[in-house]
>>> print(open('final-v1.txt').read())   # compact mmCIF, C-alpha atoms and all ligand atoms
# COMPACT_ATOMS: atom_id res chain seq x y z
CA MET A 18 41.91 -47.78 -36.37
CA LYS A 19 43.01 -47.41 -32.86
CA THR A 20 41.88 -44.33 -31.01
CA SER A 21 44.51 -42.99 -28.68
CA LEU A 22 43.76 -42.29 -25.06
CA THR A 23 44.45 -38.58 -25.54
CA THR A 24 41.89 -38.39 -28.38
CA LEU A 25 39.31 -40.09 -26.19
CA ALA A 26 40.06 -37.66 -23.38
CA ARG A 27 39.68 -34.74 -25.80
CA ARG A 28 36.35 -36.05 -27.06
CA GLY A 29 35.18 -36.47 -23.48
CA ALA A 30 36.19 -32.95 -22.59
CA LEU A 31 34.45 -31.62 -25.70
CA GLY A 32 31.29 -33.52 -24.80
CA LEU A 33 31.31 -32.05 -21.32
CA ALA A 34 31.85 -28.57 -22.72
CA PHE A 35 28.84 -29.01 -25.06
CA THR A 36 26.68 -30.21 -22.18
CA ALA A 37 27.67 -27.20 -20.08
CA LEU A 38 26.97 -24.83 -22.99
CA ALA A 39 23.56 -26.37 -23.63
CA ALA A 40 22.72 -26.12 -19.93
CA SER A 41 23.71 -22.47 -19.74
CA MET A 42 21.68 -21.67 -22.89
CA ALA A 43 18.66 -23.37 -21.36
CA ALA A 44 19.18 -21.38 -18.17
CA ALA A 45 19.23 -18.14 -20.16
CA GLN A 46 15.94 -19.09 -21.82
CA THR A 47 14.20 -20.19 -18.64
CA PRO A 48 15.41 -17.96 -15.86
CA GLY A 49 15.19 -19.33 -12.33
CA LYS A 50 12.54 -18.63 -9.80
CA LEU A 51 11.39 -15.05 -9.31
CA LYS A 52 12.44 -14.09 -5.79
CA VAL A 53 9.87 -11.82 -4.19
CA GLY A 54 10.88 -10.19 -0.90
CA LEU A 55 7.88 -9.38 1.27
CA MET A 56 8.84 -6.82 3.89
CA LEU A 57 5.68 -6.25 5.93
CA PRO A 58 4.52 -5.90 9.54
CA TYR A 59 3.45 -9.28 10.95
CA THR A 60 3.45 -8.05 14.56
CA GLY A 61 2.31 -4.82 16.26
CA THR A 62 -0.52 -2.37 15.52
CA PHE A 63 -0.34 -2.96 11.72
CA ALA A 64 0.00 -6.79 11.82
CA SER A 65 -3.36 -7.55 10.20
CA LEU A 66 -2.60 -5.03 7.43
CA GLY A 67 0.58 -6.89 6.49
CA THR A 68 -1.27 -10.20 6.34
CA ALA A 69 -4.01 -8.77 4.13
CA ILE A 70 -1.41 -7.39 1.71
CA GLU A 71 0.36 -10.74 1.48
CA ASN A 72 -2.97 -12.54 0.99
CA GLY A 73 -3.95 -10.20 -1.84
CA PHE A 74 -0.55 -10.53 -3.53
CA ARG A 75 -0.66 -14.32 -3.36
CA GLN A 76 -4.22 -14.34 -4.68
CA HIS A 77 -3.19 -12.68 -7.94
CA VAL A 78 -0.09 -14.87 -8.28
CA ALA A 79 -2.33 -17.92 -7.80
CA GLU A 80 -4.61 -16.63 -10.57
CA LEU A 81 -1.54 -16.52 -12.81
CA GLY A 82 -0.82 -20.18 -12.01
CA GLY A 83 1.96 -19.41 -9.52
CA LYS A 84 4.17 -17.80 -12.19
CA ILE A 85 4.92 -14.26 -13.30
CA ALA A 86 6.31 -13.81 -16.82
CA GLY A 87 7.04 -17.54 -16.91
CA ARG A 88 9.01 -17.55 -13.66
CA GLU A 89 7.80 -19.48 -10.66
CA VAL A 90 7.37 -17.16 -7.68
CA GLU A 91 9.36 -17.84 -4.52
CA TYR A 92 8.72 -15.78 -1.37
CA PHE A 93 11.19 -14.42 1.19
CA LYS A 94 9.62 -12.77 4.22
CA VAL A 95 10.76 -10.29 6.84
CA ASP A 96 8.62 -8.93 9.70
CA ASP A 97 9.51 -5.23 9.77
CA GLU A 98 7.50 -4.61 12.99
CA SER A 99 6.61 -1.14 11.57
CA ASP A 100 9.91 -0.03 13.08
CA PRO A 101 11.85 2.49 10.94
CA SER A 102 14.97 2.08 13.11
CA LYS A 103 15.27 -1.56 11.97
CA ALA A 104 14.22 -0.96 8.38
CA THR A 105 17.63 -0.56 6.73
CA ASP A 106 18.94 -3.80 8.28
CA ASN A 107 15.72 -5.59 7.39
CA VAL A 108 15.68 -4.51 3.76
CA ASN A 109 19.34 -5.46 3.39
CA LYS A 110 18.50 -9.00 4.51
CA LEU A 111 16.29 -9.25 1.45
CA ILE A 112 18.60 -7.41 -0.97
CA LYS A 113 22.00 -8.79 0.07
CA ARG A 114 21.36 -12.08 1.85
CA ASP A 115 18.38 -13.38 -0.13
CA GLN A 116 19.20 -11.50 -3.36
CA VAL A 117 15.55 -10.93 -4.19
CA ASP A 118 14.48 -9.71 -7.63
CA VAL A 119 11.77 -7.45 -6.24
CA LEU A 120 10.92 -5.88 -2.90
CA VAL A 121 7.27 -5.60 -1.88
CA GLY A 122 6.69 -3.39 1.19
CA SER A 123 5.74 -1.87 3.43
CA VAL A 124 2.80 -0.52 5.48
CA HIS A 125 4.54 2.15 7.61
CA SER A 126 5.72 5.34 5.86
CA GLY A 127 9.00 5.54 7.80
CA VAL A 128 9.86 1.94 6.90
CA ALA A 129 8.97 2.53 3.25
CA MET A 130 11.29 5.56 3.08
CA ALA A 131 14.21 3.38 4.18
CA MET A 132 13.20 0.78 1.59
CA ALA A 133 13.03 3.42 -1.15
CA LYS A 134 16.51 4.64 -0.24
CA ALA A 135 17.91 1.08 -0.38
CA ALA A 136 16.07 0.39 -3.64
CA LYS A 137 17.49 3.54 -5.19
CA GLU A 138 21.04 2.73 -4.09
CA SER A 139 20.96 -0.93 -5.15
CA GLY A 140 18.72 -0.57 -8.21
CA THR A 141 16.37 -3.27 -6.85
CA LEU A 142 12.79 -3.06 -8.06
CA LEU A 143 10.41 -1.86 -5.30
CA ILE A 144 6.62 -1.95 -5.23
CA VAL A 145 5.03 -0.23 -2.21
CA PRO A 146 1.67 -1.91 -1.44
CA ASN A 147 0.52 0.56 1.24
CA ALA A 148 2.77 3.17 2.87
CA GLY A 149 1.73 6.62 1.69
CA ALA A 150 4.98 8.57 2.35
CA ASP A 151 4.69 11.40 -0.18
CA ALA A 152 8.44 11.31 -0.91
CA VAL A 153 8.32 7.73 -2.28
CA THR A 154 6.62 9.05 -5.41
CA GLY A 155 7.88 12.60 -4.82
CA ALA A 156 11.47 13.58 -4.14
CA MET A 157 12.62 9.92 -4.08
CA CYS A 158 10.80 8.84 -7.23
CA ALA A 159 12.79 6.54 -9.53
CA PRO A 160 12.38 4.28 -12.58
CA ASN A 161 12.52 1.22 -10.27
CA ILE A 162 10.07 2.47 -7.59
CA TYR A 163 6.26 1.94 -7.84
CA ARG A 164 3.24 2.23 -5.58
CA SER A 165 -0.02 0.26 -5.84
CA SER A 166 -1.74 2.17 -3.02
CA PHE A 167 -1.91 5.97 -2.57
CA SER A 168 0.12 8.94 -1.33
CA ASN A 169 -0.69 10.29 2.14
CA TRP A 170 -1.67 13.58 0.51
CA GLN A 171 -4.48 11.92 -1.50
CA PRO A 172 -7.11 10.78 1.07
CA GLY A 173 -6.48 13.93 3.15
CA TYR A 174 -6.98 16.19 0.14
CA ALA A 175 -10.14 14.29 -0.91
CA MET A 176 -11.74 14.60 2.56
CA GLY A 177 -10.82 18.31 2.82
CA GLU A 178 -12.75 18.96 -0.40
CA VAL A 179 -15.81 17.13 0.94
CA MET A 180 -15.81 18.86 4.32
CA ALA A 181 -15.35 22.34 2.84
CA LYS A 182 -18.25 21.70 0.44
CA LYS A 183 -20.43 20.66 3.37
CA GLY A 184 -19.86 24.15 4.80
CA ILE A 185 -17.83 22.97 7.81
CA LYS A 186 -15.70 25.89 9.04
CA LYS A 187 -13.67 25.02 12.16
CA VAL A 188 -11.79 21.73 12.41
CA VAL A 189 -9.41 20.12 14.89
CA THR A 190 -7.10 17.44 13.48
CA ILE A 191 -5.68 14.52 15.47
CA THR A 192 -3.19 11.89 14.34
CA TRP A 193 0.08 10.07 15.00
CA LYS A 194 3.17 12.28 14.75
CA TYR A 195 5.01 10.70 11.83
CA ALA A 196 5.04 11.03 8.03
CA ALA A 197 1.65 9.39 7.43
CA GLY A 198 -0.17 11.52 10.01
CA ASP A 199 1.61 14.76 9.15
CA GLU A 200 1.20 14.38 5.40
CA THR A 201 -2.45 13.29 5.55
CA VAL A 202 -3.23 16.38 7.64
CA ARG A 203 -1.22 18.56 5.24
CA GLY A 204 -3.22 17.26 2.25
CA PHE A 205 -6.45 17.82 4.19
CA LYS A 206 -5.49 21.39 5.12
CA GLU A 207 -4.57 22.24 1.54
CA SER A 208 -8.04 21.59 0.11
CA PHE A 209 -10.05 22.43 3.25
CA GLU A 210 -8.50 25.87 3.61
CA LYS A 211 -8.76 26.48 -0.14
CA GLY A 212 -12.48 25.75 0.28
CA GLY A 213 -12.87 28.32 3.07
CA GLY A 214 -12.33 26.22 6.22
CA THR A 215 -9.83 26.70 9.06
CA VAL A 216 -7.83 24.15 11.04
CA VAL A 217 -7.96 25.63 14.53
CA LYS A 218 -5.80 23.04 16.28
CA GLU A 219 -3.48 20.20 15.21
CA LEU A 220 -3.21 17.48 17.86
CA SER A 221 -0.87 14.50 17.72
CA LEU A 222 0.80 11.75 19.73
CA PRO A 223 3.82 9.57 18.91
CA PHE A 224 3.32 6.39 16.84
CA PRO A 225 2.05 3.84 17.90
CA ASN A 226 0.74 5.31 21.22
CA VAL A 227 -2.96 5.04 21.99
CA GLU A 228 -3.29 7.17 25.12
CA PHE A 229 -5.94 9.45 23.60
CA GLN A 230 -7.66 10.69 26.76
CA GLY A 231 -5.88 14.03 27.24
CA LEU A 232 -6.28 14.91 23.57
CA LEU A 233 -9.98 14.05 23.58
CA THR A 234 -10.42 16.46 26.50
CA GLU A 235 -8.73 19.17 24.41
CA ILE A 236 -11.14 18.48 21.55
CA ALA A 237 -14.14 18.81 23.85
CA ALA A 238 -12.78 22.14 25.14
CA ALA A 239 -12.09 23.53 21.65
CA LYS A 240 -15.68 22.79 20.47
CA PRO A 241 -14.86 22.62 16.74
CA ASP A 242 -17.50 22.00 14.04
CA ALA A 243 -15.81 18.67 13.28
CA VAL A 244 -12.67 16.56 13.73
CA PHE A 245 -10.51 15.13 10.96
CA THR A 246 -8.22 12.20 11.74
CA PHE A 247 -5.78 9.61 10.47
CA PHE A 248 -5.27 6.42 12.45
CA ALA A 249 -5.08 2.84 11.19
CA GLY A 250 -5.00 -0.77 12.37
CA GLY A 251 -5.14 -1.45 16.11
CA GLY A 252 -4.76 2.26 16.94
CA ALA A 253 -7.81 3.10 14.79
CA VAL A 254 -9.93 0.56 16.66
CA LYS A 255 -9.05 2.13 20.01
CA PHE A 256 -9.48 5.71 18.78
CA VAL A 257 -13.02 5.12 17.48
CA LYS A 258 -14.03 3.40 20.70
CA ASP A 259 -12.47 6.09 22.92
CA TYR A 260 -14.04 8.90 20.85
CA ALA A 261 -17.50 7.41 21.40
CA ALA A 262 -16.84 6.59 25.08
CA ALA A 263 -15.82 10.22 25.69
CA GLY A 264 -19.26 11.27 24.45
CA LEU A 265 -17.77 13.17 21.50
CA LYS A 266 -19.45 11.14 18.78
CA LYS A 267 -22.77 12.82 19.62
CA THR A 268 -21.42 16.37 19.78
CA VAL A 269 -18.49 16.70 17.32
CA PRO A 270 -18.78 14.83 13.97
CA LEU A 271 -15.72 12.70 13.21
CA TYR A 272 -14.36 12.51 9.63
CA ALA A 273 -11.31 10.57 8.53
CA SER A 274 -9.01 9.16 5.95
CA GLY A 275 -10.69 5.80 5.24
CA PHE A 276 -8.03 3.71 6.99
CA LEU A 277 -9.78 4.57 10.26
CA THR A 278 -12.56 2.13 9.41
CA ASP A 279 -10.91 -0.32 6.98
CA GLY A 280 -10.23 -3.83 8.26
CA THR A 281 -11.35 -2.62 11.71
CA LEU A 282 -15.17 -2.69 11.69
CA GLU A 283 -15.62 -6.04 13.47
CA ALA A 284 -13.62 -4.74 16.42
CA GLN A 285 -15.12 -1.22 16.40
CA GLY A 286 -18.73 -2.44 16.39
CA ALA A 287 -21.49 0.17 16.74
CA ASP A 288 -18.99 2.89 17.73
CA ALA A 289 -18.05 3.20 14.03
CA ASP A 290 -21.64 3.37 12.74
CA GLY A 291 -22.38 6.42 10.61
CA LEU A 292 -18.76 7.62 10.26
CA PHE A 293 -17.82 9.30 6.96
CA THR A 294 -14.40 8.60 5.44
CA ALA A 295 -12.65 8.98 2.07
CA LEU A 296 -10.63 6.19 0.44
CA HIS A 297 -9.81 4.57 -2.90
CA TYR A 298 -11.83 1.46 -2.01
CA ALA A 299 -15.23 0.63 -0.48
CA ASP A 300 -17.00 -2.60 0.52
CA SER A 301 -20.03 -2.10 -1.70
CA LEU A 302 -18.71 -1.23 -5.14
CA ASP A 303 -20.79 -4.06 -6.60
CA THR A 304 -18.86 -4.31 -9.86
CA LYS A 305 -18.24 -7.63 -11.60
CA ARG A 306 -14.50 -7.22 -11.06
CA ASP A 307 -14.76 -6.47 -7.34
CA ASN A 308 -17.42 -9.10 -6.67
CA SER A 309 -15.28 -11.87 -8.14
CA PHE A 310 -12.19 -10.61 -6.27
CA ARG A 311 -14.12 -10.57 -2.98
CA LEU A 312 -15.65 -13.99 -3.52
CA ASN A 313 -12.26 -15.56 -4.27
CA TYR A 314 -10.62 -13.85 -1.32
CA ALA A 315 -13.33 -14.93 1.10
CA LYS A 316 -13.16 -18.53 -0.17
CA THR A 317 -9.37 -18.71 0.08
CA TYR A 318 -8.73 -16.91 3.35
CA LYS A 319 -12.10 -17.24 5.17
CA LEU A 320 -11.94 -13.48 5.70
CA GLN A 321 -13.50 -10.42 4.07
CA PRO A 322 -10.98 -8.44 1.99
CA ASP A 323 -10.19 -4.78 2.74
CA VAL A 324 -8.24 -1.98 1.08
CA TYR A 325 -4.93 -3.60 2.09
CA ALA A 326 -5.82 -6.86 0.35
CA VAL A 327 -6.66 -4.89 -2.82
CA GLN A 328 -3.35 -3.02 -2.70
CA GLY A 329 -1.43 -6.31 -2.32
CA TYR A 330 -3.36 -7.81 -5.23
CA ASP A 331 -2.58 -4.78 -7.39
CA ALA A 332 1.11 -4.86 -6.44
CA ALA A 333 1.19 -8.32 -8.07
CA GLN A 334 -0.69 -6.94 -11.09
CA ILE A 335 1.87 -4.13 -11.52
CA LEU A 336 4.72 -6.62 -11.20
CA SER A 337 3.20 -8.91 -13.77
CA ILE A 338 2.50 -6.14 -16.32
CA GLY A 339 6.06 -4.82 -15.99
CA LEU A 340 7.80 -8.21 -16.09
CA ASN A 341 5.78 -9.40 -19.08
CA ALA A 342 7.32 -6.47 -20.96
CA THR A 343 10.88 -7.35 -19.87
CA LYS A 344 10.52 -11.12 -20.35
CA GLY A 345 10.86 -11.61 -16.62
CA ASP A 346 13.94 -9.45 -16.14
CA ALA A 347 13.41 -7.26 -13.04
CA THR A 348 16.51 -5.15 -13.75
CA LYS A 349 15.24 -3.63 -17.00
CA SER A 350 13.58 -0.60 -15.40
CA ALA A 351 13.25 1.45 -18.60
CA ASP A 352 11.16 -1.24 -20.32
CA PHE A 353 9.31 -2.01 -17.10
CA SER A 354 8.29 1.63 -16.64
CA ALA A 355 7.42 2.12 -20.34
CA ALA A 356 4.93 -0.77 -20.05
CA LEU A 357 3.35 0.70 -16.92
CA ALA A 358 3.11 4.19 -18.42
CA LYS A 359 0.77 2.72 -21.05
CA ALA A 360 -1.11 0.36 -18.75
CA THR A 361 -4.52 0.57 -17.17
CA ILE A 362 -4.60 -1.56 -14.04
CA ASP A 363 -7.80 -3.54 -13.79
CA SER A 364 -8.17 -3.23 -10.03
CA PRO A 365 -11.04 -4.39 -7.82
CA ARG A 366 -11.18 -0.72 -6.65
CA GLY A 367 -11.91 0.37 -10.25
CA ALA A 368 -9.46 0.76 -13.14
CA PHE A 369 -6.56 3.13 -12.51
CA THR A 370 -3.41 4.38 -14.24
CA LEU A 371 -0.04 5.28 -12.77
CA SER A 372 1.24 8.87 -12.77
CA LYS A 373 4.67 9.76 -14.18
CA ALA A 374 5.97 9.38 -10.62
CA HIS A 375 4.40 5.84 -10.44
CA ASN A 376 1.57 6.60 -7.99
CA PRO A 377 -2.07 5.60 -8.72
CA VAL A 378 -4.31 8.22 -10.33
CA GLN A 379 -7.61 7.08 -8.90
CA ASP A 380 -11.07 7.92 -7.60
CA PHE A 381 -11.50 8.56 -3.89
CA TYR A 382 -14.88 7.35 -2.68
CA LEU A 383 -16.91 9.00 0.05
CA ARG A 384 -17.94 6.13 2.32
CA GLN A 385 -20.20 5.79 5.32
CA VAL A 386 -20.10 2.96 7.86
CA GLY A 387 -23.28 0.90 8.15
CA ALA A 388 -23.93 -2.76 8.94
CA LYS A 389 -20.19 -3.45 9.39
CA GLU A 390 -19.39 -2.17 5.88
CA ASN A 391 -17.76 0.90 4.37
CA LYS A 392 -20.56 1.74 1.97
CA LYS A 393 -19.86 3.96 -1.03
CA VAL A 394 -22.13 7.01 -0.84
CA GLY A 395 -20.46 9.13 -3.52
CA ILE A 396 -17.18 10.25 -5.08
CA ALA A 397 -15.11 12.50 -2.82
CA SER A 398 -12.59 13.31 -5.55
CA ALA A 399 -12.45 11.84 -9.06
CA LYS A 400 -9.19 10.73 -10.73
CA LEU A 401 -7.16 12.42 -8.04
CA GLU A 402 -3.46 12.68 -8.91
CA ASP A 403 -0.78 13.31 -6.30
CA PRO A 404 1.21 16.46 -7.19
CA ALA A 405 4.48 14.47 -6.92
CA ARG A 406 6.33 17.46 -5.51
CA GLY A 407 10.07 17.17 -5.98
CA CYS A 408 9.91 14.26 -8.46
CA LYS A 409 12.17 14.63 -11.48
CA LEU A 410 11.35 11.74 -13.80
C1 LIG A 501 1.60 4.77 6.54
O1 LIG A 501 2.41 4.74 7.49
O2 LIG A 501 1.92 5.30 5.47
C2 LIG A 501 0.27 4.16 6.67
C3 LIG A 501 0.03 3.17 7.61
C4 LIG A 501 -1.23 2.58 7.69
C5 LIG A 501 -2.23 2.98 6.84
C6 LIG A 501 -2.01 3.96 5.90
C7 LIG A 501 -0.76 4.56 5.81
O3 LIG A 501 -3.43 2.41 6.90
>>> encode(input="final-v1.txt", output="structure tokens")
Amino acid sequence: MKTSLTTLARRGALGLAFTALAASMAAAQTPGKLKVGLMLPYTGTFASLGTAIENGFRQHVAELGGKIAGREVEYFKVDDESDPSKATDNVNKLIKRDQVDVLVGSVHSGVAMAMAKAAKESGTLLIVPNAGADAVTGAMCAPNIYRSSFSNWQPGYAMGEVMAKKGIKKVVTITWKYAAGDETVRGFKESFEKGGGTVVKELSLPFPNVEFQGLLTEIAAAKPDAVFTFFAGGGAVKFVKDYAAAGLKKTVPLYASGFLTDGTLEAQGADADGLFTALHYADSLDTKRDNSFRLNYAKTYKLQPDVYAVQGYDAAQILSIGLNATKGDATKSADFSAALAKATIDSPRGAFTLSKAHNPVQDFYLRQVGAKENKKVGIASAKLEDPARGCKL
């Protein structure tokens, strides 16, 4: 029997249609690469913090064989320069141009607020691996917004409890004038004043300025029992050195949120020795989990890890727990958040859970600097949960 040309053409068209259908079914079963948008500072006073976060994140992804929930991870990077005025444009490069599945960032609270706003408006999944802006897991909380780090309120509150218990009465605070500084001091004041202390003076300078001299003179004149501070990165290195050079280290004890001495000890040298700080990580936890994390990190990056590396690592853990529950679909925020509500995150810092607002409920260690390490000397505040003021979830 002769087959007409039209029949052949029909069969050909049918064959093509089947091939296309099979291909699209396969695509549905094996979704494409998971696009991770890293929006971090790679220049400026927080540059080394951004690198540590990325290193930690990549370390966990490598442990998972380069895939999360079966999807190969592909990175898109933006240097946010810790500049809030560029943050909306920067985050839109990742959301609109690169069409990432998940945003990971940032370090600076002002930048993270702009990211949270964009994440809320676009529905893009966001995991904050450092910035403590209280609003991110407070008034701006959302089913698609998570934090692997802390809220600014937490380390401040933990150190206020410790200092009040020590019987310290009169304190001067000094920090950068922006959300992280203001909110850390606010958390500190809340517990310190509840415990009977008084903040006699609140000093500040604009971020990221490091002209501390005039303020150090004011501290010397005020003669407080102690100083409480928040600085981080390059600014923290200079502050600790200037505080010692001004002769204050011997006369007015300096206490801080632990960022003052995290990732900075090589550069601070002996000027940091003996300082007490509170943070959700320390260099001497000596647990099996932390030791293996530290060994791997040091082998891979030829660097010692710090709190930022841990937060990056745990951002990848949160992403993996959530996406395993949604079969790799980053848009299913209800299932993603249900999985995390039940989860315990096996962090190098110690296991933690996430609050209803998606902020870690975790221990804050009291640490003291010695031999270029932040040594754990006690617990400043156990299982401390941010009050998540303004969050309606
Ligand atoms: C912040 O801006 O929220 C911030 C920056 C650096 C830190 C901690 C918090 O080390």
>>> residues_around(input="final-v1.txt", residues="Arg306 in chain A", least_positions_apart="3", cutoff="7 Å", atoms="only C-alpha atoms", output="PyMOL selection string")
chain A and resi 309-310+365
>>> closest_residue(input="final-v1.txt", among="A:Gly127, A:Gly214, A:Pro146, A:Gly173", to="ligand LIG 501 (chain A)", atoms="only C-alpha atoms and all ligand atoms")
A:Gly127
>>> residues_near_ligand(input="final-v1.txt", ligand="ligand LIG 501 (chain A)", cutoff="7 Å", atoms="all atoms listed in the file", output="list in words")
Phe63, Val124, His125, Ser126, Gly127, Asn147, Ala148, Gly149, Ala150, Asn169, Ala196, Ala197, Ala249, Gly250 and Phe276 of chain A
>>> closest_residue(input="final-v1.txt", among="A:Gly82, A:Gly212, A:Pro270, A:Pro404", to="Ser372 in chain A", atoms="only C-alpha atoms")
A:Pro404
>>> residues_near_point(input="final-v1.txt", point="(-10.0, 23.7, 3.0)", cutoff="10 Å", atoms="all atoms listed in the file", output="number ranges by chain")
A: 174, 176-182, 185-188, 204-216
>>> atom_distance(input="final-v1.txt", atom1="CA of Ala263 in chain A", atom2="CA of Gly280 in chain A")
23.1 Å
>>> atom_distance(input="final-v1.txt", atom1="CA of Leu143 in chain A", atom2="CA of Lys344 in chain A")
17.7 Å
>>> closest_residue(input="final-v1.txt", among="A:Ile191, A:Ala238, A:Leu232, A:Ala253", to="Glu219 in chain A", atoms="all atoms listed in the file")
A:Ile191
>>> atom_distance(input="final-v1.txt", atom1="CA of Asn376 in chain A", atom2="CA of His77 in chain A")
19.9 Å
>>> closest_residue(input="final-v1.txt", among="A:Ser123, A:Asp115, A:Pro101, A:Ser168", to="Tyr195 in chain A", atoms="all atoms listed in the file")
A:Pro101
